[in-house]
Each structure stands twice: as C-alpha cells, then as structure tokens.
$ cat upload-v5.pdb   # PDB, C-alpha atoms
ATOM      1  CA  MET A   1     -79.288 -62.715 -73.307  1.00  0.00           C
ATOM      2  CA  THR A   2     -75.734 -61.614 -74.027  1.00  0.00           C
ATOM      3  CA  GLN A   3     -74.701 -59.558 -77.005  1.00  0.00           C
ATOM      4  CA  LYS A   4     -71.666 -60.324 -79.111  1.00  0.00           C
ATOM      5  CA  LEU A   5     -69.600 -57.291 -80.134  1.00  0.00           C
ATOM      6  CA  ARG A   6     -68.189 -57.595 -83.649  1.00  0.00           C
ATOM      7  CA  ILE A   7     -65.939 -54.994 -85.210  1.00  0.00           C
ATOM      8  CA  TRP A   8     -65.924 -54.687 -89.005  1.00  0.00           C
ATOM      9  CA  ARG A   9     -63.457 -52.908 -91.279  1.00  0.00           C
ATOM     10  CA  VAL A  10     -65.313 -51.215 -94.121  1.00  0.00           C
ATOM     11  CA  VAL A  11     -63.630 -50.465 -97.461  1.00  0.00           C
ATOM     12  CA  PRO A  12     -65.831 -48.398 -99.805  1.00  0.00           C
ATOM     13  CA  THR A  13     -65.034 -49.473-103.376  1.00  0.00           C
ATOM     14  CA  SER A  14     -66.445 -48.235-106.665  1.00  0.00           C
ATOM     15  CA  LYS A  15     -67.224 -50.479-109.610  1.00  0.00           C
ATOM     16  CA  THR A  16     -64.125 -49.103-111.372  1.00  0.00           C
ATOM     17  CA  GLY A  17     -61.918 -50.259-108.475  1.00  0.00           C
ATOM     18  CA  VAL A  18     -61.247 -46.923-106.782  1.00  0.00           C
ATOM     19  CA  GLN A  19     -61.175 -47.216-102.978  1.00  0.00           C
ATOM     20  CA  ALA A  20     -62.173 -44.560-100.462  1.00  0.00           C
ATOM     21  CA  PRO A  21     -60.637 -44.336 -96.958  1.00  0.00           C
ATOM     22  CA  THR A  22     -61.561 -47.178 -94.624  1.00  0.00           C
ATOM     23  CA  PHE A  23     -63.467 -46.929 -91.357  1.00  0.00           C
ATOM     24  CA  PHE A  24     -64.749 -49.257 -88.647  1.00  0.00           C
ATOM     25  CA  VAL A  25     -68.292 -50.281 -87.714  1.00  0.00           C
ATOM     26  CA  GLU A  26     -69.449 -52.125 -84.575  1.00  0.00           C
ATOM     27  CA  THR A  27     -72.389 -54.545 -84.399  1.00  0.00           C
ATOM     28  CA  THR A  28     -73.959 -56.389 -81.466  1.00  0.00           C
ATOM     29  CA  GLU A  29     -76.313 -58.891 -83.125  1.00  0.00           C
ATOM     30  CA  ASN A  30     -76.050 -62.551 -82.118  1.00  0.00           C
ATOM     31  CA  GLY A  31     -76.333 -64.153 -85.572  1.00  0.00           C
ATOM     32  CA  ARG A  32     -73.559 -63.740 -88.144  1.00  0.00           C
ATOM     33  CA  GLU A  33     -75.925 -63.015 -91.050  1.00  0.00           C
ATOM     34  CA  GLU A  34     -77.782 -60.388 -89.026  1.00  0.00           C
ATOM     35  CA  ALA A  35     -74.468 -58.791 -88.022  1.00  0.00           C
ATOM     36  CA  VAL A  36     -73.318 -58.602 -91.659  1.00  0.00           C
ATOM     37  CA  ALA A  37     -76.614 -57.012 -92.720  1.00  0.00           C
ATOM     38  CA  SER A  38     -76.428 -54.516 -89.843  1.00  0.00           C
ATOM     39  CA  ALA A  39     -72.792 -53.641 -90.626  1.00  0.00           C
ATOM     40  CA  ASN A  40     -73.638 -53.040 -94.286  1.00  0.00           C
ATOM     41  CA  ARG A  41     -76.602 -50.857 -93.288  1.00  0.00           C
ATOM     42  CA  GLN A  42     -74.443 -48.822 -90.873  1.00  0.00           C
ATOM     43  CA  ALA A  43     -71.694 -48.426 -93.496  1.00  0.00           C
ATOM     44  CA  ARG A  44     -74.180 -47.042 -96.038  1.00  0.00           C
ATOM     45  CA  GLN A  45     -75.545 -44.592 -93.448  1.00  0.00           C
ATOM     46  CA  ARG A  46     -72.145 -43.394 -92.182  1.00  0.00           C
ATOM     47  CA  SER A  47     -70.617 -42.849 -95.620  1.00  0.00           C
ATOM     48  CA  GLY A  48     -71.935 -40.339 -98.101  1.00  0.00           C
ATOM     49  CA  LEU A  49     -71.012 -42.763-100.869  1.00  0.00           C
ATOM     50  CA  GLY A  50     -73.866 -45.045 -99.804  1.00  0.00           C
ATOM     51  CA  LYS A  51     -76.235 -42.834-101.796  1.00  0.00           C
ATOM     52  CA  PHE A  52     -74.700 -43.912-105.103  1.00  0.00           C
ATOM     53  CA  ASN A  53     -75.385 -47.254-106.778  1.00  0.00           C
ATOM     54  CA  ASN A  54     -71.886 -47.648-108.239  1.00  0.00           C
ATOM     55  CA  TRP A  55     -70.264 -47.889-104.763  1.00  0.00           C
ATOM     56  CA  TYR A  56     -70.275 -51.027-102.643  1.00  0.00           C
ATOM     57  CA  PHE A  57     -68.764 -51.787 -99.239  1.00  0.00           C
ATOM     58  CA  GLU A  58     -66.337 -54.636 -98.531  1.00  0.00           C
ATOM     59  CA  LEU A  59     -66.747 -55.856 -94.950  1.00  0.00           C
ATOM     60  CA  THR A  60     -63.983 -57.678 -93.074  1.00  0.00           C
ATOM     61  CA  LYS A  61     -64.459 -58.954 -89.532  1.00  0.00           C
ATOM     62  CA  MET A  62     -61.516 -57.804 -87.440  1.00  0.00           C
ATOM     63  CA  ASN A  63     -59.947 -59.723 -84.573  1.00  0.00           C
ATOM     64  CA  VAL A  64     -59.646 -56.714 -82.254  1.00  0.00           C
ATOM     65  CA  ARG A  65     -61.118 -55.660 -78.926  1.00  0.00           C
ATOM     66  CA  VAL A  66     -62.038 -52.275 -77.488  1.00  0.00           C
ATOM     67  CA  ASP A  67     -60.018 -51.147 -74.466  1.00  0.00           C
ATOM     68  CA  LYS A  68     -61.281 -48.874 -71.686  1.00  0.00           C
ATOM     69  CA  HIS A  69     -60.248 -45.748 -73.646  1.00  0.00           C
ATOM     70  CA  GLY A  70     -62.208 -46.746 -76.766  1.00  0.00           C
ATOM     71  CA  LYS A  71     -59.178 -47.749 -78.843  1.00  0.00           C
ATOM     72  CA  TYR A  72     -58.993 -50.959 -80.856  1.00  0.00           C
ATOM     73  CA  ILE A  73     -56.269 -53.376 -79.741  1.00  0.00           C
ATOM     74  CA  LYS A  74     -55.256 -56.689 -81.325  1.00  0.00           C
ATOM     75  CA  HIS A  75     -56.721 -59.727 -79.654  1.00  0.00           C
ATOM     76  CA  HIS A  76     -55.388 -63.233 -80.086  1.00  0.00           C
ATOM     77  CA  GLN A  77     -56.138 -66.524 -78.421  1.00  0.00           C
TER      78      GLN A  77
END

$ encode --input "upload-v5.pdb" --output "structure tokens"
Amino acid sequence: MTQKLRIWRVVPTSKTGVQAPTFFVETTENGREEAVASANRQARQRSGLGKFNNWYFELTKMNVRVDKHGKYIKHHQ
C-alpha cells in the first residue's frame, strides 16, 4: 500500500487572536480525516503552546513537494 505525503502549514493562534510563528508538519496517512487528526496531534506535540487550552492550531494543506535536499518547493499541475 502506498502512502500519501501531505505537508501542512500550522499557525498557532490564541483565543484573543495573537499568532505565534508558523511551522510545517508532514503526514503520511491515506485518509484526509486521519491526516488532519495526525497533523493536529503533531502540532500540539511540537509546539509548547499545545499544553494550554486557550491556543488552537490552524492547519492549511500546502501544495508543495520535498526535493532531494529536504527543502519545500512549489508544485503545480
């Protein structure tokens, strides 16, 4: 079975509207709902703000690919 690599942009946002610096998360689940749940779980683990209830994470699926050096490049079809 093949895995689908999805790259998510994570924007930590507080309930008052303050935003923390963004970062990227990669998931390899086949289903979209499972990938969203995994990305949210990874975002909470990677950021120290995941410990607090007044912070939530906005996830945006990016249309980028990973090159051989590990950098994200724009991908279009």

$ resolve_selection --input "upload-v5.pdb" --expression "the PyMOL selection byres ((chain A and resi 72) around 12)" --output "list in words"
Arg6, Ile7, Trp8, Arg9, Phe24, Val25, Glu26, Met62, Asn63, Val64, Arg65, Val66, Asp67, Lys68, His69, Gly70, Lys71, Ile73, Lys74 and His75 of chain A

$ axis_aligned_box --input "upload-v5.pdb" --around "stretch 34-52 of chain A" --padding-each-side "3 Å" --output "AutoDock Vina command-line options"
--center_x -74.2 --center_y -50.4 --center_z -96.6 --size_x 13.2 --size_y 26.0 --size_z 23.1

$ resolve_selection --input "upload-v5.pdb" --expression "the PyMOL selection byres ((chain A and resi 37-51) around 12)" --output "compact mmCIF listing (two decimals) with C-alpha atoms, keeping the file's coordinate frame"
# COMPACT_ATOMS: atom_id res chain seq x y z
CA LEU A 5 -69.60 -57.29 -80.13
CA ARG A 6 -68.19 -57.60 -83.65
CA ILE A 7 -65.94 -54.99 -85.21
CA TRP A 8 -65.92 -54.69 -89.00
CA ARG A 9 -63.46 -52.91 -91.28
CA VAL A 10 -65.31 -51.22 -94.12
CA VAL A 11 -63.63 -50.46 -97.46
CA PRO A 12 -65.83 -48.40 -99.80
CA THR A 13 -65.03 -49.47 -103.38
CA SER A 14 -66.44 -48.24 -106.66
CA GLN A 19 -61.18 -47.22 -102.98
CA ALA A 20 -62.17 -44.56 -100.46
CA PRO A 21 -60.64 -44.34 -96.96
CA THR A 22 -61.56 -47.18 -94.62
CA PHE A 23 -63.47 -46.93 -91.36
CA PHE A 24 -64.75 -49.26 -88.65
CA VAL A 25 -68.29 -50.28 -87.71
CA GLU A 26 -69.45 -52.12 -84.58
CA THR A 27 -72.39 -54.54 -84.40
CA THR A 28 -73.96 -56.39 -81.47
CA GLU A 29 -76.31 -58.89 -83.12
CA ASN A 30 -76.05 -62.55 -82.12
CA GLY A 31 -76.33 -64.15 -85.57
CA ARG A 32 -73.56 -63.74 -88.14
CA GLU A 33 -75.92 -63.02 -91.05
CA GLU A 34 -77.78 -60.39 -89.03
CA ALA A 35 -74.47 -58.79 -88.02
CA VAL A 36 -73.32 -58.60 -91.66
CA PHE A 52 -74.70 -43.91 -105.10
CA ASN A 53 -75.39 -47.25 -106.78
CA ASN A 54 -71.89 -47.65 -108.24
CA TRP A 55 -70.26 -47.89 -104.76
CA TYR A 56 -70.28 -51.03 -102.64
CA PHE A 57 -68.76 -51.79 -99.24
CA GLU A 58 -66.34 -54.64 -98.53
CA LEU A 59 -66.75 -55.86 -94.95
CA THR A 60 -63.98 -57.68 -93.07
CA LYS A 61 -64.46 -58.95 -89.53

$ build_atoms --input "upload-v5.pdb" --residues "stretch 54-75 of chain A" --atoms "N, CA, C and O atoms" --output "PDB file, keeping the file's coordinate frame"
ATOM      1  N   ASN A  54     -73.126 -47.067-107.719  1.00  0.00           N
ATOM      2  CA  ASN A  54     -71.886 -47.648-108.239  1.00  0.00           C
ATOM      3  C   ASN A  54     -70.831 -47.857-107.149  1.00  0.00           C
ATOM      4  O   ASN A  54     -69.717 -48.219-107.448  1.00  0.00           O
ATOM      5  N   TRP A  55     -71.176 -47.640-105.881  1.00  0.00           N
ATOM      6  CA  TRP A  55     -70.264 -47.889-104.763  1.00  0.00           C
ATOM      7  C   TRP A  55     -70.795 -49.049-103.936  1.00  0.00           C
ATOM      8  O   TRP A  55     -71.986 -49.138-103.651  1.00  0.00           O
ATOM      9  N   TYR A  56     -69.910 -49.946-103.554  1.00  0.00           N
ATOM     10  CA  TYR A  56     -70.275 -51.027-102.643  1.00  0.00           C
ATOM     11  C   TYR A  56     -69.263 -51.061-101.510  1.00  0.00           C
ATOM     12  O   TYR A  56     -68.215 -50.429-101.566  1.00  0.00           O
ATOM     13  N   PHE A  57     -69.577 -51.792-100.448  1.00  0.00           N
ATOM     14  CA  PHE A  57     -68.764 -51.787 -99.239  1.00  0.00           C
ATOM     15  C   PHE A  57     -68.262 -53.197 -98.946  1.00  0.00           C
ATOM     16  O   PHE A  57     -69.069 -54.117 -98.773  1.00  0.00           O
ATOM     17  N   GLU A  58     -66.944 -53.356 -98.898  1.00  0.00           N
ATOM     18  CA  GLU A  58     -66.337 -54.636 -98.531  1.00  0.00           C
ATOM     19  C   GLU A  58     -66.216 -54.680 -97.022  1.00  0.00           C
ATOM     20  O   GLU A  58     -65.606 -53.809 -96.412  1.00  0.00           O
ATOM     21  N   LEU A  59     -66.785 -55.711 -96.401  1.00  0.00           N
ATOM     22  CA  LEU A  59     -66.747 -55.856 -94.950  1.00  0.00           C
ATOM     23  C   LEU A  59     -65.777 -56.968 -94.568  1.00  0.00           C
ATOM     24  O   LEU A  59     -65.810 -58.051 -95.148  1.00  0.00           O
ATOM     25  N   THR A  60     -64.917 -56.692 -93.593  1.00  0.00           N
ATOM     26  CA  THR A  60     -63.983 -57.678 -93.074  1.00  0.00           C
ATOM     27  C   THR A  60     -64.104 -57.682 -91.557  1.00  0.00           C
ATOM     28  O   THR A  60     -63.947 -56.638 -90.918  1.00  0.00           O
ATOM     29  N   LYS A  61     -64.374 -58.863 -90.990  1.00  0.00           N
ATOM     30  CA  LYS A  61     -64.459 -58.954 -89.532  1.00  0.00           C
ATOM     31  C   LYS A  61     -63.051 -58.916 -88.958  1.00  0.00           C
ATOM     32  O   LYS A  61     -62.191 -59.693 -89.334  1.00  0.00           O
ATOM     33  N   MET A  62     -62.834 -57.984 -88.037  1.00  0.00           N
ATOM     34  CA  MET A  62     -61.516 -57.804 -87.440  1.00  0.00           C
ATOM     35  C   MET A  62     -61.411 -58.572 -86.127  1.00  0.00           C
ATOM     36  O   MET A  62     -62.402 -58.744 -85.423  1.00  0.00           O
ATOM     37  N   ASN A  63     -60.206 -59.013 -85.816  1.00  0.00           N
ATOM     38  CA  ASN A  63     -59.947 -59.723 -84.573  1.00  0.00           C
ATOM     39  C   ASN A  63     -59.328 -58.745 -83.576  1.00  0.00           C
ATOM     40  O   ASN A  63     -58.171 -58.874 -83.200  1.00  0.00           O
ATOM     41  N   VAL A  64     -60.104 -57.741 -83.193  1.00  0.00           N
ATOM     42  CA  VAL A  64     -59.646 -56.714 -82.254  1.00  0.00           C
ATOM     43  C   VAL A  64     -60.677 -56.564 -81.148  1.00  0.00           C
ATOM     44  O   VAL A  64     -61.825 -56.976 -81.278  1.00  0.00           O
ATOM     45  N   ARG A  65     -60.252 -55.960 -80.055  1.00  0.00           N
ATOM     46  CA  ARG A  65     -61.118 -55.660 -78.926  1.00  0.00           C
ATOM     47  C   ARG A  65     -61.047 -54.167 -78.632  1.00  0.00           C
ATOM     48  O   ARG A  65     -60.115 -53.489 -79.039  1.00  0.00           O
ATOM     49  N   VAL A  66     -62.009 -53.681 -77.879  1.00  0.00           N
ATOM     50  CA  VAL A  66     -62.038 -52.275 -77.488  1.00  0.00           C
ATOM     51  C   VAL A  66     -61.526 -52.183 -76.057  1.00  0.00           C
ATOM     52  O   VAL A  66     -62.015 -52.884 -75.163  1.00  0.00           O
ATOM     53  N   ASP A  67     -60.510 -51.322 -75.829  1.00  0.00           N
ATOM     54  CA  ASP A  67     -60.018 -51.147 -74.466  1.00  0.00           C
ATOM     55  C   ASP A  67     -60.850 -50.107 -73.732  1.00  0.00           C
ATOM     56  O   ASP A  67     -61.838 -49.584 -74.261  1.00  0.00           O
ATOM     57  N   LYS A  68     -60.472 -49.776 -72.497  1.00  0.00           N
ATOM     58  CA  LYS A  68     -61.281 -48.874 -71.686  1.00  0.00           C
ATOM     59  C   LYS A  68     -61.270 -47.441 -72.195  1.00  0.00           C
ATOM     60  O   LYS A  68     -62.118 -46.636 -71.826  1.00  0.00           O
ATOM     61  N   HIS A  69     -60.324 -47.096 -73.083  1.00  0.00           N
ATOM     62  CA  HIS A  69     -60.248 -45.748 -73.646  1.00  0.00           C
ATOM     63  C   HIS A  69     -60.933 -45.652 -75.008  1.00  0.00           C
ATOM     64  O   HIS A  69     -60.916 -44.596 -75.635  1.00  0.00           O
ATOM     65  N   GLY A  70     -61.504 -46.757 -75.498  1.00  0.00           N
ATOM     66  CA  GLY A  70     -62.208 -46.746 -76.766  1.00  0.00           C
ATOM     67  C   GLY A  70     -61.330 -47.028 -77.969  1.00  0.00           C
ATOM     68  O   GLY A  70     -61.780 -46.897 -79.097  1.00  0.00           O
ATOM     69  N   LYS A  71     -60.082 -47.429 -77.734  1.00  0.00           N
ATOM     70  CA  LYS A  71     -59.178 -47.749 -78.843  1.00  0.00           C
ATOM     71  C   LYS A  71     -59.252 -49.239 -79.160  1.00  0.00           C
ATOM     72  O   LYS A  71     -59.525 -50.063 -78.289  1.00  0.00           O
ATOM     73  N   TYR A  72     -58.994 -49.566 -80.419  1.00  0.00           N
ATOM     74  CA  TYR A  72     -58.993 -50.959 -80.856  1.00  0.00           C
ATOM     75  C   TYR A  72     -57.600 -51.550 -80.633  1.00  0.00           C
ATOM     76  O   TYR A  72     -56.621 -50.994 -81.079  1.00  0.00           O
ATOM     77  N   ILE A  73     -57.545 -52.699 -79.960  1.00  0.00           N
ATOM     78  CA  ILE A  73     -56.269 -53.376 -79.741  1.00  0.00           C
ATOM     79  C   ILE A  73     -56.378 -54.789 -80.301  1.00  0.00           C
ATOM     80  O   ILE A  73     -57.469 -55.374 -80.345  1.00  0.00           O
ATOM     81  N   LYS A  74     -55.261 -55.336 -80.762  1.00  0.00           N
ATOM     82  CA  LYS A  74     -55.256 -56.689 -81.325  1.00  0.00           C
ATOM     83  C   LYS A  74     -55.556 -57.702 -80.230  1.00  0.00           C
ATOM     84  O   LYS A  74     -55.088 -57.589 -79.112  1.00  0.00           O
ATOM     85  N   HIS A  75     -56.347 -58.685 -80.589  1.00  0.00           N
ATOM     86  CA  HIS A  75     -56.721 -59.727 -79.654  1.00  0.00           C
ATOM     87  C   HIS A  75     -56.395 -61.065 -80.304  1.00  0.00           C
ATOM     88  O   HIS A  75     -56.751 -61.322 -81.440  1.00  0.00           O
TER      89      HIS A  75
END
